[in-house]
Structures are given as structure tokens and as C-alpha cells.
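> Below you'll find the structure I mean.
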Amino acid sequence: MSNEAGGNSWAGNPVSFADAREIVPGSVLESEVLIVGGGAAGITLARALAARGFAVLLAEAGDWRPDAATQALYDLDCVGYPLRPNHMSRAREFGGSCNLWAGRAMRLQPLDFAARPWVPESGWPIPAAEIERYLDAVAAILELPGGADAFSLAAWHHHLGAAERQLLEAGPFAPAISLWARRPKRFARAYQRELAQSPKIRVLLRANAVRLRLAADGRQIAAVDFATLEGRRLTVAARLVVLAMGGLEIPRLLLWSDRLDPRLLGPRRALVGRFFMDHPRTAFGRVVLRGDASLPLMRTWPVAGGKVQLGLALSAELQQREGLLNHYATFEEEGSAYAEAHWHLALELGKVILRRGHAGSRLDLGRVRQAPRVEHLRYLLSPKELLPHDLWRFWRLLKERLRRQRPEQRYIVVYFCEQPPAPESRVWLGEKLDALGVPRLVFDWRIPDAVHASLFRLQEEIGRALARSNLGRLEPGQGMPCYTDASHHMGTTRMHPDPQRGVVDTDCRLHGIANLWIASSSVFPTCGHANPTLTILALVLRLAEHLAALRHRLG
């Protein structure tokens, strides 16, 4: 790798990190591979490629810590279903949004990969097995308990409570397993030393990608332009370019670069930014159980190396028969009225203090007072996702030991929903410009009626199963569910072998461009109900294998 051109380099820096603000303006840096985006995907890909002998330049827009001016480059204008107010769903800092991640990992189900006639534009062009062969390696990276096999209920069957067995037998349910490591993986911190010592990797911080430049033939990327907030500009030329910036910034960079040179996307520009998906979540209704009913896995159970939770999804057979989406539900303990009233303020204060979900460190009480209502947050950010593992484990086991027999138990039902792909759910370039002169995104999130219908059907089956098993009763939610987003940005550069129907091919390469790939959940054709991190990293390891095979063929 050459890190110097025109006399500019990392000269004098004993490690692999450099600050774009310290590179001489106008520099042209060179690398075999350029990865744009230093989050979980970018860092994992850089490590995998370096292990195969590639020389890699990893460019990250942020620094080691959040910065308000840098974070403001993510500002967008929401015109669709409202997002959580005062919530930072993306982190423009080294390590990316996994610096905010609570650590839940889930596996896509075989039905999620299938072409479902009742879900337009569904079906992955690669089989489930193509993803699953990387899951053991991904589970090791994330330090999940039990490896890939742990996403099966069979791995945890001995922890099932009698009431959970009765529920699973009484309804047309499929188990939905969530896993957490002892602590969420913070990729920048975990691999800082390895990246600093690697002879194959250079990391450039504070480098904001502002344009993809095409070669003269219009068939490959010749270079990528970067800018800093201080006004410095530099360029990186690379044989292979990978965008790992997330499901909103990737379409933004593609659309802006295409506006400057329409050869980049051609007829595919109509697809870029469309089919945006997230996982709508809501606390809707409650269940009242017998006092002796035990739900260890549904309430989340500590296991060796982390924790596991059981959710209830509808069976694949029922989904196929009735044309339903792949939602799942969990039960979370209902707090007292006093606890409900005070949880809101405590949660928001805690998020500011812990810097979870917010940039900067100032305690803005005005922002806290304007935060989302408690019912939109309490059951989506429960103690298992806020407390350190050992503290939560102590609290959970103590609570179980001291649990007293009561006439009844009350739980809130929390639904995690699949959003089907729809072209009208999308992002596009607006009229406002950010501090670098790049148009801000306009964000139009759509939640179709099929999401509500499938939620109501799952709710109905939960009520029936409770009655059949004589465990208790369901008090259904009233009116329409009020959803929150999950900060899972998917689908905006969807995968399809036909360039008329997808933005990237089955190798995640941009159609029509020979040397540009995308490593992001933006390539997901559908999303199921599973958190995307596990699948993103599986696609990243697959891409590393593909690029190594490509280099071998080309020599």
C-alpha cells in the first residue's frame, strides 16, 4: 500500500491511525482496498481482508468520541412515520452505531429468505445456507454464548419453565431466540490494538466521504473524495472500494455522486433509497398469569457467557396459510404506577450520563423533558439491556429467589415486527445542505397495514394459548399500535441479480460498476424480525472470501 502522494503520508505516526485534518490538503492517497465506514461491518471486513494479505485503508467520518458538529452531518428531515424524538439512532464515530448497540443478536429464519407470494418483492437471491455457514464465526466475533447452535430452542430446552412449555404446546408458535454476550461488542475498543499494530491496515479518522469519482470508462470507481469540517479535501484511489456506512448514508453518497456524474447509477437510480425497512416495535396490551406460572426464558435468563430470551412467533405454516408477516412477542414485567411515572426521567438521565443514544456529554434537561413517553421506551430498553451483565445477573437471580407467590402476575406484551419491502418507504436527497455541502436526506418511513394485521393475529393466538393452557388471560391492546423505530436501517440498496430490480448483485457489488461493493443491511431484500447485526457480519465475511477469490482470479 502507498500512503503517500505528492509528499503526504502518515510520516512520523508510529501507529496505523491518522487524522484527515492533519493530511496536507489536496493529497491523493492510494490503497489496494478502501473501506468507507469504520463501524462493525467496516472493521470486521478490514480485519478479514488484512488476514488474507490485502492492504486496506479504512476511512471513518468520526473520531474516537462523539462530536456534536460531526454528528449533525447525520441530520435528516422526516416526512413519514415519526422516528423517536431526541434519539441518536446512528453514531458518527469510530466503531459506528455499535457504540450504541444493546447487544441483542438474532438469526433470520428460512422463511425470511423465501419468495412469499403474500409479500411483494420478497425473497433473497441467495439461500439461507449461504448466510448460515458464517454464523459460527460471527457468533465468535460477537462472543455470544453457545455459537450458532444457540439460536435453536433445543440448546436451552432445559431452562424452559412449565408455563413456557404449555404456551408453546397450546399455540401455533415458533420460538424466537435472542442472545446477548456478557457485554455488547464495541468494535473500535475491542480491535484498537490490533488495528494499530497491523502492517496491512491504515485507519483515517475525521474523513467524510463526499463523492465517488468514476474512471473515464464509467465502469469503475477511480477515487473517492473526502472532506473535513475544517475545509480540508483529500482523495483516496483504490483498486477495490467497499461502502460500509449504513443503510442511510450509503444511498445518500450514491445519489449525490450520481447527481454529479449520472453515469454512476444510470437506470438504477430509481431503486436507490427505496424499500427502506426498519423493525417497528410496540408495547401493546398485557397478559395476566396465574401466580405460580414461571417464565424464565421469556423474562430472559442468564447463561454461561451471556443471556438468552425466548419470544413467541407464529409458525411458518400459519404465516403461509394466512399470508402473515414474521413478527414475534415477548413479555416484560409491568411496573407499578409509581415506577412508571419515574422510569421515564430516570431512563433519559441514564442515557445521557452513559452516552447511550446521545452525542456529547452535556446534560440537557430540556431534551429529557421532551423525550418519548415511557410506554414507547420502557419495554424496549429494559434492565437486561441497560445494566452491566454481572449487575443484571445478580438482580435477575435475586429477584427469582425472592419471588413470592402472588394471586396473579401482570406482564406487558412487546411486539417486534417485520416490515415488508415497499418502494414508497424511502429516502432521497433534499434541498437543505449539510456543513460539507452535501444534501441532507429526506426520510419517508412507511408502515403498511399488513404490519398491524399480523400483530393483531399474533395477539389473538397468544390470547387463545393462554386460555387453552389455563395459564391466564390476555388484555388486548386498544386502538392502533403506536410503534417506535428500532434504528435498523435496511433495504435501501437491495440485492437482486436483475439490475432492473436490485441495486447490488448477489456478491453485493453495485450493478454496472466493476470495483464497488456494499457491506451493509441496506442490501437486505427482506428483514424478518431479527436484529440485523448477525446477518450483516455474515455477509461481510462472505464478501471477504469473494474479494480474495476475485484477486486470485485476476492475479
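Labeling convention for the C-alpha cells: chains A, B, ... as they appear, residues from 1 per chain, ligands from 1 in order of appearance.
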Which residues in region 456-553 of chain A does DSSP call strand (DSSP E or B)? List them as a PyMOL selection string.

chain A and resi 472-475+484+490+495+504+509-510+516-518

> How about saving the chosen residues, N, CA and C atoms kept, as an mmCIF file, in the first residue's frame?


data_model
loop_
_atom_site.group_PDB
_atom_site.id
_atom_site.type_symbol
_atom_site.label_atom_id
_atom_site.label_comp_id
_atom_site.auth_asym_id
_atom_site.auth_seq_id
_atom_site.Cartn_x
_atom_site.Cartn_y
_atom_site.Cartn_z
ATOM 1 N N GLY A 472 -53.764 -18.085 32.166
ATOM 2 C CA GLY A 472 -54.169 -16.724 32.453
ATOM 3 C C GLY A 472 -54.988 -16.163 31.312
ATOM 4 N N ARG A 473 -54.928 -14.863 31.163
ATOM 5 C CA ARG A 473 -55.746 -14.213 30.133
ATOM 6 C C ARG A 473 -54.960 -13.067 29.485
ATOM 7 N N LEU A 474 -55.399 -12.697 28.299
ATOM 8 C CA LEU A 474 -54.842 -11.557 27.574
ATOM 9 C C LEU A 474 -55.785 -10.370 27.713
ATOM 10 N N GLU A 475 -55.251 -9.220 28.019
ATOM 11 C CA GLU A 475 -55.992 -7.964 27.942
ATOM 12 C C GLU A 475 -55.470 -7.245 26.705
ATOM 13 N N THR A 484 -42.389 2.353 17.704
ATOM 14 C CA THR A 484 -41.129 3.071 17.664
ATOM 15 C C THR A 484 -40.228 2.370 16.646
ATOM 16 N N MET A 490 -32.464 -0.702 6.794
ATOM 17 C CA MET A 490 -32.281 -1.822 5.862
ATOM 18 C C MET A 490 -32.990 -1.544 4.534
ATOM 19 N N MET A 495 -30.506 -6.246 -2.725
ATOM 20 C CA MET A 495 -29.805 -7.246 -3.513
ATOM 21 C C MET A 495 -30.770 -7.945 -4.467
ATOM 22 N N VAL A 504 -27.585 -3.985 -5.965
ATOM 23 C CA VAL A 504 -26.365 -4.786 -5.954
ATOM 24 C C VAL A 504 -26.686 -6.205 -6.411
ATOM 25 N N ARG A 509 -22.021 -6.437 -5.105
ATOM 26 C CA ARG A 509 -21.364 -5.458 -5.980
ATOM 27 C C ARG A 509 -22.414 -4.593 -6.650
ATOM 28 N N LEU A 510 -22.148 -3.293 -6.726
ATOM 29 C CA LEU A 510 -23.075 -2.381 -7.379
ATOM 30 C C LEU A 510 -23.195 -2.750 -8.848
ATOM 31 N N LEU A 516 -16.949 -1.741 -6.977
ATOM 32 C CA LEU A 516 -17.633 -1.112 -5.843
ATOM 33 C C LEU A 516 -18.609 -2.098 -5.209
ATOM 34 N N TRP A 517 -18.422 -2.360 -3.905
ATOM 35 C CA TRP A 517 -19.277 -3.295 -3.171
ATOM 36 C C TRP A 517 -19.903 -2.573 -1.978
ATOM 37 N N ILE A 518 -20.969 -3.153 -1.453
ATOM 38 C CA ILE A 518 -21.666 -2.584 -0.304
ATOM 39 C C ILE A 518 -21.717 -3.623 0.809
#

> Go through A:Ala51, A:Ala190, A:Ala181, A:Ala207 and flag the residue nearest Ile23 (chain A), using only C-alpha atoms for the distances.

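Closest to Ile23 (chain A), using only C-alpha atoms: A:Ala207.
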
> May I have the residues within 8 Å of region 36-40 of chain A as a list of chain:residue names, using only C-alpha atoms and disregarding those fewer than 3 positions away in the same chain?

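Answer for this query is A:Ile43, A:Thr44, A:Leu58, A:Ala59, A:Glu60, A:Ala61, A:Glu93, A:Phe94, A:Gly95, A:Gly96, A:Ser97, A:Cys98, A:Phe187, A:Ala188, A:Ala209, A:Val241, A:Val242, A:Leu243, A:Ala244, A:Met245, A:Leu537.
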
> Those residues with C-alpha atoms, as a PDB file, in the first residue's frame please?


ATOM      1  CA  ILE A  43     -13.757  -3.041  10.999  1.00  0.00           C
ATOM      2  CA  THR A  44     -14.687  -6.702  10.539  1.00  0.00           C
ATOM      3  CA  LEU A  58     -10.289   2.187   6.497  1.00  0.00           C
ATOM      4  CA  ALA A  59     -11.837   5.678   6.352  1.00  0.00           C
ATOM      5  CA  GLU A  60     -14.131   6.798   9.171  1.00  0.00           C
ATOM      6  CA  ALA A  61     -16.064  10.095   9.273  1.00  0.00           C
ATOM      7  CA  GLU A  93     -17.715   7.977  15.455  1.00  0.00           C
ATOM      8  CA  PHE A  94     -15.118   5.239  15.149  1.00  0.00           C
ATOM      9  CA  GLY A  95     -16.894   1.968  15.910  1.00  0.00           C
ATOM     10  CA  GLY A  96     -20.142   3.256  14.421  1.00  0.00           C
ATOM     11  CA  SER A  97     -23.606   2.648  15.755  1.00  0.00           C
ATOM     12  CA  CYS A  98     -22.481  -0.489  17.589  1.00  0.00           C
ATOM     13  CA  PHE A 187     -15.592  -2.920  17.797  1.00  0.00           C
ATOM     14  CA  ALA A 188     -13.347   0.136  17.976  1.00  0.00           C
ATOM     15  CA  ALA A 209     -16.756  10.722   2.057  1.00  0.00           C
ATOM     16  CA  VAL A 241     -13.904   0.134  -2.872  1.00  0.00           C
ATOM     17  CA  VAL A 242     -16.391  -1.019  -0.238  1.00  0.00           C
ATOM     18  CA  LEU A 243     -19.096   1.179   1.275  1.00  0.00           C
ATOM     19  CA  ALA A 244     -19.815   0.199   4.884  1.00  0.00           C
ATOM     20  CA  MET A 245     -21.544   3.376   6.042  1.00  0.00           C
ATOM     21  CA  LEU A 537     -21.384  -9.647   9.690  1.00  0.00           C
TER      22      LEU A 537
END

> Can you pull out every residue within 10 Å of Leu295 (chain A), counting only C-alpha atoms, but drop anything in the same chain fewer than 5 positions away, and send it as a list in words?

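So, after excluding close chain neighbours, the residues are His159, Leu160, Gly161, Ala162, Ala163, Glu164, Arg165, Thr300, Trp301, Leu310 and Phe331 of chain A.
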
> Deliver the residues from the most recent selection as a file, using C-alpha atoms, as a PDB file, in the first residue's frame.


ATOM      1  CA  HIS A 159     -34.212 -23.886  31.055  1.00  0.00           C
ATOM      2  CA  LEU A 160     -37.852 -23.810  29.915  1.00  0.00           C
ATOM      3  CA  GLY A 161     -40.402 -23.249  32.651  1.00  0.00           C
ATOM      4  CA  ALA A 162     -43.548 -25.370  32.809  1.00  0.00           C
ATOM      5  CA  ALA A 163     -45.683 -22.396  31.750  1.00  0.00           C
ATOM      6  CA  GLU A 164     -43.467 -21.769  28.720  1.00  0.00           C
ATOM      7  CA  ARG A 165     -43.802 -25.398  27.656  1.00  0.00           C
ATOM      8  CA  THR A 300     -34.550 -13.522  29.906  1.00  0.00           C
ATOM      9  CA  TRP A 301     -32.227 -15.928  31.693  1.00  0.00           C
ATOM     10  CA  LEU A 310     -37.489 -16.655  24.284  1.00  0.00           C
ATOM     11  CA  PHE A 331     -43.453 -10.450  27.924  1.00  0.00           C
TER      12      PHE A 331
END

> Which residues are near Leu240 (chain A)? Cut-off 7 Å, only C-alpha atoms, ignore same chain within fewer than 4 positions. Put them as an MDAnalysis selection string.

chainID A and resid 32:34 515:516

> At a cut-off of 12 Å, using only C-alpha atoms, what residues contact Asp258 (chain A)? Leave out same-chain residues fewer than 3 positions from it and give the result as a ChimeraX atom specification.

/A:210-214,218,221,251-255,261-270,272,429

> Determine the nearest neighbour of Gln71 (chain A) from the options A:Asn208, A:Ser31, A:Pro476, A:Leu167, counting only C-alpha atoms.

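So, comparing all the options, the nearest one is A:Asn208.
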
> Give me, as CSV, the closest atom pair and its distance (Å, one decimal) for every residue of region 224-315 of chain A within a cut-off of 7 Å of region 131-154 of chain A, counting only C-alpha atoms, rows sorted by chain and rising number.


residue,atom,partner,partner_atom,distance
A:Ala304,CA,A:Pro145,CA,6.5
A:Gly305,CA,A:Pro145,CA,4.9
A:Gly306,CA,A:Pro145,CA,5.7

> If you count only C-alpha atoms, which residues fall within 10 Å of Gln478 (chain A), apart from same-chain ones fewer than 3 positions away, as a list in words?

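Counting only the stated atoms, we get Phe284, Gly285, Glu475 and Pro481 of chain A.
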
> Write down as a ChimeraX atom specification the residues of region 142-240 of chain A whose backbone DSSP state falls under helix (DSSP H, G or I).

/A:142,148-151,153-159,162-170,187-197

> For Ile513 (chain A), which residue out of A:Arg219, A:Arg494, A:Arg116, A:His452 is the nearest one, using only C-alpha atoms?

A:Arg219

> I'd like to know which of A:Arg440, A:Arg232, A:Arg90, A:His279 is closest to Ser27 (chain A), using only C-alpha atoms.

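The closest residue to Ser27 (chain A) is A:Arg232.
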
> I'd like the interatomic distance between CA of Ser469 (chain A) and CA of Ala170 (chain A), to a tenth of an Å.

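Those two atoms sit 6.2 Å apart.
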